[in-house]
Each structure stands twice: as structure tokens, then as C-alpha cells.
Amino acid sequence: METADPTPHARSTDRDTAADGPPRTAPQLSLELLVHGVGGTTAQEMLGDPRVQLITGDDTAACYRRTDDADAEQRPDDYRGEPVREAYCWSNLTSGNGARALWLILVPFMVANLAHWMRPAAPSEHPAQRIYDLLVRILALTLTVLLAAAACEVALDLTAWQCAGTTVCAAGKSWMGFLSPDNSGWWSAPGRRLALASVVPLLVIGFLWGLSRRTWSAYESASPPPRLPGTSRDTPVAERTALSREGFWYGRRLVARLRAAHTTAGVLTVAAVLLAAAAKADGDGGHPVLAVTGRALTALVIVLAAATLIVVWRTARSEGAPDVSSDHLVVRALPFASLAVLALTMVHTGWARPGAHSHGPLPGADAFGGIAVFQGVLVLALAVTAWVLQRSARDDARTALRGMGGPAVALLACAVGGVLSGGVAQRFADWLDGGATPGQAHAPIPGPPVLLSWQASVIPVLLVVVAAVAVLAAIRVVIVRNRVTKDVPGLYDPREQPDAGRTKRIAATIAGAGLTDSAPVLIAATSAVTLVLGAGAVIGAWLTGRAPGRATEGAPPVVHAAAETAESLGSWLMGAGVILLITMGRRAYRDHSARRTIGILWDVGTFWPRAAHPFAPPCYAERAVPDLTWRMATWTERFDGRLVLSGHSQGSVLAAAAVWQLDLVTRSRVALLTYGSPLERLYGRWFPAFFGPPALTGLHREMDDWRNLWRFTDPIGGPIRLTCEGGRRIDQGPLRDPLSFGRTLQNPLPAQILGHGDYQADPVFETVRAELIARLGPDLPGQRPADERAKGRQDQGSSGRSSG
């Protein structure tokens, strides 16, 4: 894809400007560009008018104005002293029909991708940075292998090998009759059953490949900004963030390379399962020619697996400039080569082997244990690397988990992947064997690997720990509520009559909003317990070779009953977790209130580019940030106007990211107004390398016109905690919420507690916005002669290229 040529925007002359916008002598126009937050909203709601008109964009993301303001540039005299309001709506980037609920199955991939961006804020040249990124990419690759192995477990092991090969299990299942050995049909041979069943995991991998490619074309291919982002020479290197680099929001080639590698890994996993089954049959006195063929195919699988690892090893983000080059032929050919090997393997496995029969579990069931152990080793190595980086971090005072957020989240990604794969396998096995319990005595089939039963048995213990942490959090809310109750009346006019019930509700809202700052404790406790219980499950499965219920036979009755109860309950919880995930997803896309609740974590997770896992949900910011940057750069260039970028909640994060992408001339015409912003409270703590105090300080240094509104009752937004060079604080707050404590002449009914919403209802909002517009006025670059403006653009262009 060709990169955008910035020169048409930079070469506009006075004649062009006179044709496209108001003359230089006309009153300067100001624009307020509104960016909504999590959950989205309509343009009508943002602009407070049912009649709106699309200005630029499409059905996915667009800018709207009130119909009366659509031609505001042609009549600037009508807007003296007030800005033209324009709404950027991006909610369709993260929402849609109910089918998108299936994206929640990709949660492990999304969480693993988050771990990449949670690295500590060490200097960019630190050698451990590359090690950290590499470990996350390899960990993400193991999740793809785990998904493919789970699909093979359901289709190949449980269905084609165990159930179809057992008369008792296959009886009564008409759809499986042609596979049963009792029919002596062509497909009844074990190898042919496996070859046919391998189509199912191949379809799963193909679906993920197609979904990734389709979203890649829609999101990662957004055009870069029209001009090079610039960084002031006065900004220290330590305060420059990667978000200001020209190629940060253009990951087209990276995702394509990772997609090829992960697709290859998934296909090779299916081939490895087939080869393991064939090798067992050939090792038991099979045909010697087939044994040689099997070894040759195994060698090809190993070679392609090594090539896949090399691709993942060498695939790092290139953020200095948009990477528009094409991939090497070898990378593009990897998926097709793996498909060819799989086809040969299917023929090899399905070749007639007289006397072959299936009994017990499919060979290679221990692979799940190997994957779990390897993931644990990677997480521990990631923790050591994060600790090394944290020691060199520039500012770690408020960093979540003292830099261990990435390893903790990576471990949770592995745990969620294990729960999803195990839950599907356990429930499918229960459905196949009817009323019996897989793996127990007299059961028709052995069931899933023993490790999955052990993993299921530790889930109740994990839930007990999570419940204990939740109880402690509830106790903390009560304590904080009682402590702040006495301070609430002092925030309001003493003439308003105090109300004990209303005071407690306000204090409870403030205490509940503070739970956001306790999230690191919950994640730390969950991750630590998950690591210990996961290690215990692997050890128990390898030492006993049996499910917990059977492994404790002969133990005291209490121990045996507890083990059986934990195993059964955990098995159902694993299956219920899969169903609950899909149900929550469908509800989130149908129920607006549920969308706001679930969307908080979802929108944070999909804000970041797909740097580690190509099958993660797409990054909406790779479309939204260029949209905002293009709009600000072209509007200020055409009309020499003032612009206030007004972002709420997640919209404030998009706004900050867009400002970092502006050139210096455009940035000097833009003021930033954020409210309900998680920039410091969430992003600064969990993503310190990109939104930590040094990065936010650098953004503030390069644009002094930035104000942030926040409330104590807001569970998401918070203060930025920075002070302007003149001693003026960026933060304006805490704002009073509710605006009125009791009933007054102006507010005869109780005022609503707004929390995270409706910041524009506060009078402070209008005051701060007017102040920002006034501060932009005197020193606008648009007041300079045309030759000075052209020289300024040349200076900032060279500065932007050197900083990139």
C-alpha cells in the first residue's frame, strides 16, 4: 500500500485557502472535536440535537455536526465567542451484531497481546527490551498451539479415536455410524477416521486466519497521518514516547508475518497429532515403508516448525516509519507448505494398516502437560526480564505490581486458554458418553487427558481465593464509606440541609469508585494462586497418571470425597465458563448497559495494536488515531482555526494518542481537554512505558494547553498528577458530584450522582473550554505570514523525521 503524500496538505496557498475557507481577515473559527468513550454514543447525543449531518467518514467511524453548523466555515461571524461542535463517533469499530460475541473466544489472545504493552518503562535501548518482547511473542505462539491441540482433542481423540472406535459409545449416534468398526466400512479404519476428523481443527485454524486477514484489511491498513509527527527539541529523550513515532499505528506487515507463522503452527500441530497416531501403529509391527515415510514427514514438520520459530523470533515492531514493504517469499509460503505437509500426512495416516485398532487415549495426550510446563517457564522468564527492566525504569512510583503486570497478565492468558480448551473437551466428552463419566470405571471412553481433570479440580480453590479477595474489597468499601461520610457535607453549601441517607449514598459511590485502584491486588492474588495450583495440577497428573477422583482411592474418605467433588465441580465450571463467556458477549452487543460494563476491559484490550498475537481482536486505534490526526491537520491547515480536542474516558486516550501524532505546527493550534480520563489512573500504571509519568510529562511539555476534569465518584477517570511549568495544574478537580447536595430553589429535586458520565453538565466544563480557546488565540501560527508558515512546516518536518 502506498503511503500518504503529505505535500498536498502542506502546499496550500493563500488563493486556495480563500477558495476553501474564510479569508485571513475574517474572525477566526474555533472547533471543538468531541471524542466519546467506552460503550459509545450517538452523534445526536453528543451534540444535543436530533438533526445531525455527516461531515467526513463512513458507517464505521465518522465526524458529524449539527445540521445548522454544517457550513460554519462559510459564516464565521455567526460563531464569535463559541466553538463549532463536531463529534467523532468510533463505536462501530468495537461493536456490531451479535456474531461479534464470538470474538470473546479470542480473549486469551487479547490478554497475551496486552502483556506485550505492559513492559516497564526502562530506556528503549535496554537490551532486555527485546528479550521481553520475544518471550511474549513465543508465549502467544503457544496459545495458538494450545487452541489447535484442544480442537484435535475434541475432533480426533474424543470423537474419531475413542468414541467411534468403541461400540458402546458409537451406538445410538447415527452421524457416527459410518465410522464404527462394526460396519467394516472404508472409513472405519482408525487412520482414516483420524484423517477425516482432522478437517475440523483445520477449519478452526482457517476461520481464525480468515478473520484475522479480514480485520487486518479493515484496521491495520488505515493511512498514516498526512504529515510527519514532530517532537520538540526541548523535550528530553526520556520523555519521548513510542506513541509519537510515525509508524506506531501502522502494523500491517507485522500482523501479516505473525499471521503466517501462527497459521503454520496451528496446521503443524494437527499434522503432529496425526503422525503420533501413525507412529504408534507402525511401531507395533506395521509396514516398514510407512515407518520410513512417517519419519520423513516428521522431519518436514520439524523443519517447518523451526522456520516458524525463526519468523516469530525475527518479527519485531518497526515503529520509526510505516513498514509498507512486502514479506519474503519464504514467509508467505510457510502456511502453504504446512498445508502440503498436512495433506501428505493425512494420506500417510489413512493408508490401510490391517489389524490396526484404536484403544485408550490418542498417543500424545501428554502434550497438554508439556505445553503447560513450557508456558510456566516462559512466564517465569518473563518475570525475571520484567524485574531487570523495572530496575532501570525511569519512574516506578505508581507502576502496577512494580513492573510485574505483564508477567501476571500473561499467566492469566495461559490460564484462560487452559480453561476454555479444557471446558470444551470436558463437556464434549460428557455429551459423547451419555450418562457415564469419562475416565471413571465402566465408562465407555477414557475421556480427555488426565491433566485437564486436574486443572478442573483446582478451579474451585481458585474461585475461593477470588471470593475472599472480593469480600476484603467489600469490607474496604464499607470502611472507606464510613470514613468519608463525615466529609461529604463539607463539600457543599452549609445552607443546604444535610441528609444522612444521601450522604451515605455519595460516600458509598466514592468508596466504590476507589476499588479501581485495588485491581493490582486482585490480579496479583489470582496470578500467584493460579501459578501454584497450575504447577500442582501438572505434578499431580504426571505422578499419578489418573484423575484426582481415582488417584485418591484408598485415601481417607474425606480426602477422596473432596477430590471427587472438586473434580466434578471444576469440570462443570470449565464448561460453564465457556457458555458464560459467549452469553456475556451476546448480551454486551444487545444491551447498552452491559456494553458499557464489559466494554471497559474490552476497549482497553483492543486499543493496542496486535504486536504479539495476530488472532487477537483487531486494534480500533489503528483506524481511530489516523482519523483524528487527519481531521485535525487538514482542518487547521484549510481554515487557520483554533481546535479543542475534547475526549471523554477512552476517547481521552485516543485524543492523547492523536496529539502525539501531530506535527509541531498543527499541535500548536490544538488544545486538549480530557475528562473522566484513565490516562494516568489505568494506562499510566499498567502501561508505564507508553503512558507513564515521563511520557505524560513530555506531552504536557509540548502542549501547555491541556486541562483534565475528574471526580472522586468516577471509577475510571482520575487526575493526571502533573503541574504546568508556571505552577498551573493540568487537573481541574475534584468536581462536585452531585452538583447539588440537597433540595434548593434551583434544584428542587435531588441531583443525580453522575460518576463517570455527563461531565459537560458541570459549569466548570464550559469555563475550562472557553479558557483553552482564549489561550490558543494570541499566538496562533495562522496569524503569521505565509512564507513564515511554510518555513515552520519545513522545520517541523525535519524535526519529526529526526525524532522518528
# chains A, B, ... in the order shown; residues from 1 in each chain; ligands from 1

call {"tool": "residues_around", "arguments": {"residues": "stretch 172-184 of chain A", "least_positions_apart": "3", "cutoff": "10 Å", "atoms": "only C-alpha atoms", "output": "list in words"}}
result
Thr159, Ala160, Trp161, Cys163, Ala164, Gly165, Thr166, Thr167, Val168, Cys169, Trp187, Ser188, Ala189, Pro190, Arg192, Arg193, Leu196, His357, Ser358 and Leu432 of chain A

call {"tool": "write_last_selection", "arguments": {"atoms": "N, CA and C atoms", "output": "PDB file, in the first residue's frame"}}
result
ATOM      1  N   THR A 159     -13.627 -37.948  19.515  1.00  0.00           N
ATOM      2  CA  THR A 159     -14.634 -38.373  18.538  1.00  0.00           C
ATOM      3  C   THR A 159     -14.153 -39.527  17.664  1.00  0.00           C
ATOM      4  N   ALA A 160     -13.085 -39.286  16.876  1.00  0.00           N
ATOM      5  CA  ALA A 160     -12.676 -40.270  15.876  1.00  0.00           C
ATOM      6  C   ALA A 160     -11.922 -41.451  16.468  1.00  0.00           C
ATOM      7  N   TRP A 161     -11.175 -41.246  17.543  1.00  0.00           N
ATOM      8  CA  TRP A 161     -10.345 -42.321  18.092  1.00  0.00           C
ATOM      9  C   TRP A 161     -11.078 -43.098  19.187  1.00  0.00           C
ATOM     10  N   CYS A 163     -14.492 -42.534  20.764  1.00  0.00           N
ATOM     11  CA  CYS A 163     -15.912 -42.872  20.671  1.00  0.00           C
ATOM     12  C   CYS A 163     -16.220 -43.695  19.427  1.00  0.00           C
ATOM     13  N   ALA A 164     -15.717 -43.262  18.260  1.00  0.00           N
ATOM     14  CA  ALA A 164     -16.000 -44.005  17.029  1.00  0.00           C
ATOM     15  C   ALA A 164     -15.394 -45.399  17.062  1.00  0.00           C
ATOM     16  N   GLY A 165     -14.349 -45.604  17.831  1.00  0.00           N
ATOM     17  CA  GLY A 165     -13.716 -46.918  17.912  1.00  0.00           C
ATOM     18  C   GLY A 165     -14.282 -47.804  18.992  1.00  0.00           C
ATOM     19  N   THR A 166     -15.293 -47.316  19.723  1.00  0.00           N
ATOM     20  CA  THR A 166     -15.911 -48.084  20.801  1.00  0.00           C
ATOM     21  C   THR A 166     -17.374 -48.316  20.458  1.00  0.00           C
ATOM     22  N   THR A 167     -17.765 -49.568  20.421  1.00  0.00           N
ATOM     23  CA  THR A 167     -19.137 -49.906  20.019  1.00  0.00           C
ATOM     24  C   THR A 167     -20.163 -49.287  20.955  1.00  0.00           C
ATOM     25  N   VAL A 168     -19.910 -49.333  22.259  1.00  0.00           N
ATOM     26  CA  VAL A 168     -20.865 -48.812  23.230  1.00  0.00           C
ATOM     27  C   VAL A 168     -21.072 -47.311  23.046  1.00  0.00           C
ATOM     28  N   CYS A 169     -19.994 -46.586  22.785  1.00  0.00           N
ATOM     29  CA  CYS A 169     -20.097 -45.130  22.629  1.00  0.00           C
ATOM     30  C   CYS A 169     -20.738 -44.752  21.303  1.00  0.00           C
ATOM     31  N   TRP A 187     -14.283 -46.055   5.955  1.00  0.00           N
ATOM     32  CA  TRP A 187     -13.861 -45.055   6.937  1.00  0.00           C
ATOM     33  C   TRP A 187     -13.699 -45.637   8.335  1.00  0.00           C
ATOM     34  N   SER A 188     -13.958 -46.916   8.520  1.00  0.00           N
ATOM     35  CA  SER A 188     -13.879 -47.485   9.862  1.00  0.00           C
ATOM     36  C   SER A 188     -12.460 -47.712  10.341  1.00  0.00           C
ATOM     37  N   ALA A 189     -11.478 -47.693   9.457  1.00  0.00           N
ATOM     38  CA  ALA A 189     -10.080 -47.844   9.868  1.00  0.00           C
ATOM     39  C   ALA A 189      -9.670 -46.651  10.724  1.00  0.00           C
ATOM     40  N   PRO A 190      -8.928 -46.867  11.816  1.00  0.00           N
ATOM     41  CA  PRO A 190      -8.579 -45.753  12.722  1.00  0.00           C
ATOM     42  C   PRO A 190      -7.870 -44.601  12.014  1.00  0.00           C
ATOM     43  N   ARG A 192      -7.998 -43.652   8.890  1.00  0.00           N
ATOM     44  CA  ARG A 192      -8.884 -42.894   8.011  1.00  0.00           C
ATOM     45  C   ARG A 192      -9.861 -42.047   8.821  1.00  0.00           C
ATOM     46  N   ARG A 193     -10.297 -42.580   9.955  1.00  0.00           N
ATOM     47  CA  ARG A 193     -11.153 -41.769  10.823  1.00  0.00           C
ATOM     48  C   ARG A 193     -10.415 -40.518  11.276  1.00  0.00           C
ATOM     49  N   LEU A 196     -10.029 -37.975   8.399  1.00  0.00           N
ATOM     50  CA  LEU A 196     -11.274 -37.258   8.142  1.00  0.00           C
ATOM     51  C   LEU A 196     -11.550 -36.243   9.242  1.00  0.00           C
ATOM     52  N   HIS A 357      -6.289 -50.946  15.304  1.00  0.00           N
ATOM     53  CA  HIS A 357      -7.491 -50.600  16.045  1.00  0.00           C
ATOM     54  C   HIS A 357      -7.149 -49.537  17.081  1.00  0.00           C
ATOM     55  N   SER A 358      -8.181 -48.820  17.500  1.00  0.00           N
ATOM     56  CA  SER A 358      -7.972 -47.726  18.458  1.00  0.00           C
ATOM     57  C   SER A 358      -8.428 -48.176  19.835  1.00  0.00           C
ATOM     58  N   LEU A 432     -20.634 -37.156  24.748  1.00  0.00           N
ATOM     59  CA  LEU A 432     -20.413 -38.359  23.953  1.00  0.00           C
ATOM     60  C   LEU A 432     -20.763 -39.627  24.723  1.00  0.00           C
TER      61      LEU A 432
END

call {"tool": "closest_atom_pairs", "arguments": {"of": "stretch 160-270 of chain A", "to": "stretch 322-343 of chain A", "cutoff": "7 Å", "atoms": "only C-alpha atoms", "output": "tab-separated table"}}
result
residue	atom	partner	partner_atom	distance
A:Glu246	CA	A:Pro322	CA	6.6
A:Gly247	CA	A:Pro322	CA	4.1
A:Tyr250	CA	A:Pro322	CA	5.7
A:Arg253	CA	A:Asp323	CA	6.4
A:Arg257	CA	A:Val331	CA	6.8
A:Ala260	CA	A:Pro335	CA	5.9
A:Thr263	CA	A:Pro335	CA	6.1
A:Thr264	CA	A:Pro335	CA	4.7
A:Val267	CA	A:Ser338	CA	6.2
A:Leu268	CA	A:Ser338	CA	6.2

call {"tool": "write_last_selection", "arguments": {"atoms": "all heavy atoms", "output": "PDB file, in the first residue's frame"}}
result
ATOM      1  N   GLU A 246       6.246   7.716  13.816  1.00  0.00           N
ATOM      2  CA  GLU A 246       5.426   7.776  12.608  1.00  0.00           C
ATOM      3  C   GLU A 246       4.761   6.435  12.289  1.00  0.00           C
ATOM      4  O   GLU A 246       3.638   6.388  11.800  1.00  0.00           O
ATOM      5  CB  GLU A 246       6.316   8.205  11.429  1.00  0.00           C
ATOM      6  CG  GLU A 246       5.558   8.362  10.128  1.00  0.00           C
ATOM      7  CD  GLU A 246       6.484   8.666   8.975  1.00  0.00           C
ATOM      8  OE1 GLU A 246       7.714   8.756   9.211  1.00  0.00           O
ATOM      9  OE2 GLU A 246       5.988   8.803   7.845  1.00  0.00           O
ATOM     10  N   GLY A 247       5.432   5.337  12.562  1.00  0.00           N
ATOM     11  CA  GLY A 247       4.890   4.040  12.183  1.00  0.00           C
ATOM     12  C   GLY A 247       4.215   3.282  13.300  1.00  0.00           C
ATOM     13  O   GLY A 247       3.937   2.089  13.141  1.00  0.00           O
ATOM     14  N   TYR A 250       0.721   1.700  12.417  1.00  0.00           N
ATOM     15  CA  TYR A 250       0.656   1.068  11.093  1.00  0.00           C
ATOM     16  C   TYR A 250       1.378  -0.268  11.172  1.00  0.00           C
ATOM     17  O   TYR A 250       2.556  -0.382  10.821  1.00  0.00           O
ATOM     18  CB  TYR A 250       1.296   1.983  10.039  1.00  0.00           C
ATOM     19  CG  TYR A 250       0.949   1.589   8.621  1.00  0.00           C
ATOM     20  CD1 TYR A 250      -0.300   1.897   8.095  1.00  0.00           C
ATOM     21  CD2 TYR A 250       1.852   0.918   7.814  1.00  0.00           C
ATOM     22  CE1 TYR A 250      -0.635   1.551   6.801  1.00  0.00           C
ATOM     23  CE2 TYR A 250       1.527   0.569   6.513  1.00  0.00           C
ATOM     24  CZ  TYR A 250       0.291   0.886   6.015  1.00  0.00           C
ATOM     25  OH  TYR A 250      -0.046   0.536   4.725  1.00  0.00           O
ATOM     26  N   ARG A 253       2.431  -4.978   8.066  1.00  0.00           N
ATOM     27  CA  ARG A 253       3.362  -6.070   7.729  1.00  0.00           C
ATOM     28  C   ARG A 253       3.600  -6.982   8.925  1.00  0.00           C
ATOM     29  O   ARG A 253       3.708  -8.206   8.784  1.00  0.00           O
ATOM     30  CB  ARG A 253       4.691  -5.478   7.249  1.00  0.00           C
ATOM     31  CG  ARG A 253       5.663  -6.546   6.745  1.00  0.00           C
ATOM     32  CD  ARG A 253       6.971  -5.933   6.316  1.00  0.00           C
ATOM     33  NE  ARG A 253       7.865  -6.962   5.794  1.00  0.00           N
ATOM     34  CZ  ARG A 253       9.163  -6.977   6.014  1.00  0.00           C
ATOM     35  NH1 ARG A 253       9.713  -6.045   6.767  1.00  0.00           N
ATOM     36  NH2 ARG A 253       9.923  -7.905   5.488  1.00  0.00           N
ATOM     37  N   ARG A 257       2.999 -11.067   8.971  1.00  0.00           N
ATOM     38  CA  ARG A 257       4.043 -12.058   9.260  1.00  0.00           C
ATOM     39  C   ARG A 257       3.631 -12.979  10.406  1.00  0.00           C
ATOM     40  O   ARG A 257       3.802 -14.205  10.333  1.00  0.00           O
ATOM     41  CB  ARG A 257       5.354 -11.340   9.615  1.00  0.00           C
ATOM     42  CG  ARG A 257       6.036 -10.664   8.441  1.00  0.00           C
ATOM     43  CD  ARG A 257       7.238  -9.860   8.903  1.00  0.00           C
ATOM     44  NE  ARG A 257       8.251 -10.729   9.480  1.00  0.00           N
ATOM     45  CZ  ARG A 257       9.211 -11.329   8.793  1.00  0.00           C
ATOM     46  NH1 ARG A 257       9.274 -11.175   7.475  1.00  0.00           N
ATOM     47  NH2 ARG A 257      10.112 -12.067   9.390  1.00  0.00           N
ATOM     48  N   ALA A 260       0.997 -15.503   9.298  1.00  0.00           N
ATOM     49  CA  ALA A 260       1.570 -16.643   8.574  1.00  0.00           C
ATOM     50  C   ALA A 260       2.211 -17.634   9.534  1.00  0.00           C
ATOM     51  O   ALA A 260       2.050 -18.857   9.387  1.00  0.00           O
ATOM     52  CB  ALA A 260       2.593 -16.140   7.556  1.00  0.00           C
ATOM     53  N   THR A 263      -0.589 -19.416  11.738  1.00  0.00           N
ATOM     54  CA  THR A 263      -1.342 -20.364  10.920  1.00  0.00           C
ATOM     55  C   THR A 263      -0.518 -21.620  10.669  1.00  0.00           C
ATOM     56  O   THR A 263      -1.033 -22.752  10.769  1.00  0.00           O
ATOM     57  CB  THR A 263      -1.731 -19.721   9.584  1.00  0.00           C
ATOM     58  OG1 THR A 263      -2.493 -18.528   9.832  1.00  0.00           O
ATOM     59  CG2 THR A 263      -2.557 -20.672   8.745  1.00  0.00           C
ATOM     60  N   THR A 264       0.751 -21.434  10.376  1.00  0.00           N
ATOM     61  CA  THR A 264       1.639 -22.582  10.166  1.00  0.00           C
ATOM     62  C   THR A 264       1.734 -23.426  11.428  1.00  0.00           C
ATOM     63  O   THR A 264       1.679 -24.667  11.371  1.00  0.00           O
ATOM     64  CB  THR A 264       3.039 -22.101   9.754  1.00  0.00           C
ATOM     65  OG1 THR A 264       2.928 -21.308   8.562  1.00  0.00           O
ATOM     66  CG2 THR A 264       3.963 -23.267   9.489  1.00  0.00           C
ATOM     67  N   VAL A 267      -1.482 -25.526  11.854  1.00  0.00           N
ATOM     68  CA  VAL A 267      -1.562 -26.644  10.907  1.00  0.00           C
ATOM     69  C   VAL A 267      -0.557 -27.729  11.272  1.00  0.00           C
ATOM     70  O   VAL A 267      -0.861 -28.931  11.216  1.00  0.00           O
ATOM     71  CB  VAL A 267      -1.333 -26.135   9.471  1.00  0.00           C
ATOM     72  CG1 VAL A 267      -1.268 -27.299   8.487  1.00  0.00           C
ATOM     73  CG2 VAL A 267      -2.441 -25.173   9.069  1.00  0.00           C
ATOM     74  N   LEU A 268       0.645 -27.338  11.668  1.00  0.00           N
ATOM     75  CA  LEU A 268       1.656 -28.329  12.045  1.00  0.00           C
ATOM     76  C   LEU A 268       1.252 -29.091  13.303  1.00  0.00           C
ATOM     77  O   LEU A 268       1.623 -30.258  13.471  1.00  0.00           O
ATOM     78  CB  LEU A 268       3.003 -27.641  12.267  1.00  0.00           C
ATOM     79  CG  LEU A 268       3.669 -27.057  11.009  1.00  0.00           C
ATOM     80  CD1 LEU A 268       4.990 -26.388  11.384  1.00  0.00           C
ATOM     81  CD2 LEU A 268       3.909 -28.128   9.956  1.00  0.00           C
TER      82      LEU A 268
END

call {"tool": "select_by_dssp", "arguments": {"residues": "stretch 580-670 of chain A", "states": "strand (DSSP E or B)", "output": "count of residues only"}}
result
8

call {"tool": "atom_distance", "arguments": {"atom1": "atom CA of A:Ala657", "atom2": "atom CA of A:Ala519"}}
result
24.4 Å

call {"tool": "residues_around", "arguments": {"residues": "A:Val379", "least_positions_apart": "5", "cutoff": "8 Å", "atoms": "only C-alpha atoms", "output": "PyMOL selection string"}}
result
chain A and resi 139+407+410-411

call {"tool": "select_by_dssp", "arguments": {"residues": "stretch 603-679 of chain A", "states": "alpha helix (DSSP H)", "output": "ChimeraX atom specification"}}
result
/A:603-605,621-639,650-660,664-667

call {"tool": "residues_around", "arguments": {"residues": "A:Phe741", "least_positions_apart": "2", "cutoff": "7 Å", "atoms": "only C-alpha atoms", "output": "list in words"}}
result
Tyr492, Glu496, Pro738 and Leu739 of chain A

call {"tool": "residues_around", "arguments": {"residues": "stretch 625-635 of chain A", "least_positions_apart": "5", "cutoff": "10 Å", "atoms": "only C-alpha atoms", "output": "ChimeraX atom specification"}}
result
/A:9-10,21,31,33,35,56-57,61-63,88,90,222-227,229,249-250,620,640-645,653-663,665-667,669-670

call {"tool": "residues_around", "arguments": {"residues": "stretch 742-756 of chain A", "least_positions_apart": "4", "cutoff": "12 Å", "atoms": "only C-alpha atoms", "output": "number ranges by chain"}}
result
A: 37-38, 488-489, 491-503, 505-514, 596-597, 600, 648-650, 675-678, 709-718, 734-738, 760-762

call {"tool": "closest_atom_pairs", "arguments": {"of": "stretch 185-267 of chain A", "to": "stretch 679-699 of chain A", "cutoff": "10 Å", "atoms": "only C-alpha atoms", "output": "tab-separated table"}}
result
residue	atom	partner	partner_atom	distance
A:Thr231	CA	A:Gly698	CA	9.2
A:Ser232	CA	A:Gly698	CA	9.3
A:Asp234	CA	A:Gly698	CA	9.6
A:Thr235	CA	A:Gly698	CA	6.3
A:Pro236	CA	A:Gly698	CA	7.7
A:Val237	CA	A:Gly698	CA	9.1
A:Ala238	CA	A:Pro694	CA	6.7
A:Glu239	CA	A:Pro694	CA	4.7
A:Arg240	CA	A:Ala695	CA	6.0
A:Thr241	CA	A:Ala695	CA	5.5
A:Ala242	CA	A:Phe690	CA	6.6
A:Leu243	CA	A:Phe690	CA	6.8
A:Ser244	CA	A:Leu699	CA	9.5

call {"tool": "closest_atom_pairs", "arguments": {"of": "stretch 226-340 of chain A", "to": "stretch 606-615 of chain A", "cutoff": "6 Å", "atoms": "only C-alpha atoms", "output": "Markdown table"}}
result
| residue | atom | partner | partner_atom | distance |
| --- | --- | --- | --- | --- |
| A:Val255 | CA | A:Pro614 | CA | 5.5 |
| A:Leu258 | CA | A:Pro614 | CA | 5.7 |
| A:Arg259 | CA | A:Pro614 | CA | 5.2 |

call {"tool": "write_last_selection", "arguments": {"atoms": "N, CA, C and O atoms", "output": "PDB file, in the first residue's frame"}}
result
ATOM      1  N   VAL A 255       1.561  -7.797  11.423  1.00  0.00           N
ATOM      2  CA  VAL A 255       0.444  -8.716  11.632  1.00  0.00           C
ATOM      3  C   VAL A 255       0.411  -9.776  10.541  1.00  0.00           C
ATOM      4  O   VAL A 255       0.086 -10.941  10.796  1.00  0.00           O
ATOM      5  N   LEU A 258       3.101 -12.401  11.473  1.00  0.00           N
ATOM      6  CA  LEU A 258       2.669 -13.224  12.599  1.00  0.00           C
ATOM      7  C   LEU A 258       1.502 -14.126  12.208  1.00  0.00           C
ATOM      8  O   LEU A 258       1.404 -15.268  12.680  1.00  0.00           O
ATOM      9  N   ARG A 259       0.624 -13.630  11.343  1.00  0.00           N
ATOM     10  CA  ARG A 259      -0.498 -14.460  10.910  1.00  0.00           C
ATOM     11  C   ARG A 259       0.004 -15.692  10.150  1.00  0.00           C
ATOM     12  O   ARG A 259      -0.491 -16.809  10.352  1.00  0.00           O
TER      13      ARG A 259
END

call {"tool": "residues_around", "arguments": {"residues": "A:Leu401", "least_positions_apart": "4", "cutoff": "8 Å", "atoms": "only C-alpha atoms", "output": "number ranges by chain"}}
result
A: 405, 520, 524

call {"tool": "closest_residue", "arguments": {"among": "A:Ala279, A:Leu463, A:Leu203, A:Ile720", "to": "A:Gln732", "atoms": "only C-alpha atoms"}}
result
A:Ile720

call {"tool": "closest_residue", "arguments": {"among": "A:Ala265, A:Val312, A:Ala624, A:Leu34", "to": "A:Pro83", "atoms": "only C-alpha atoms"}}
result
A:Leu34

call {"tool": "atom_distance", "arguments": {"atom1": "atom CA of A:Arg85", "atom2": "atom CA of A:Arg707"}}
result
18.1 Å

call {"tool": "closest_residue", "arguments": {"among": "A:Thr94, A:Thr485, A:Thr345, A:Thr215", "to": "A:Ala276", "atoms": "only C-alpha atoms"}}
result
A:Thr345
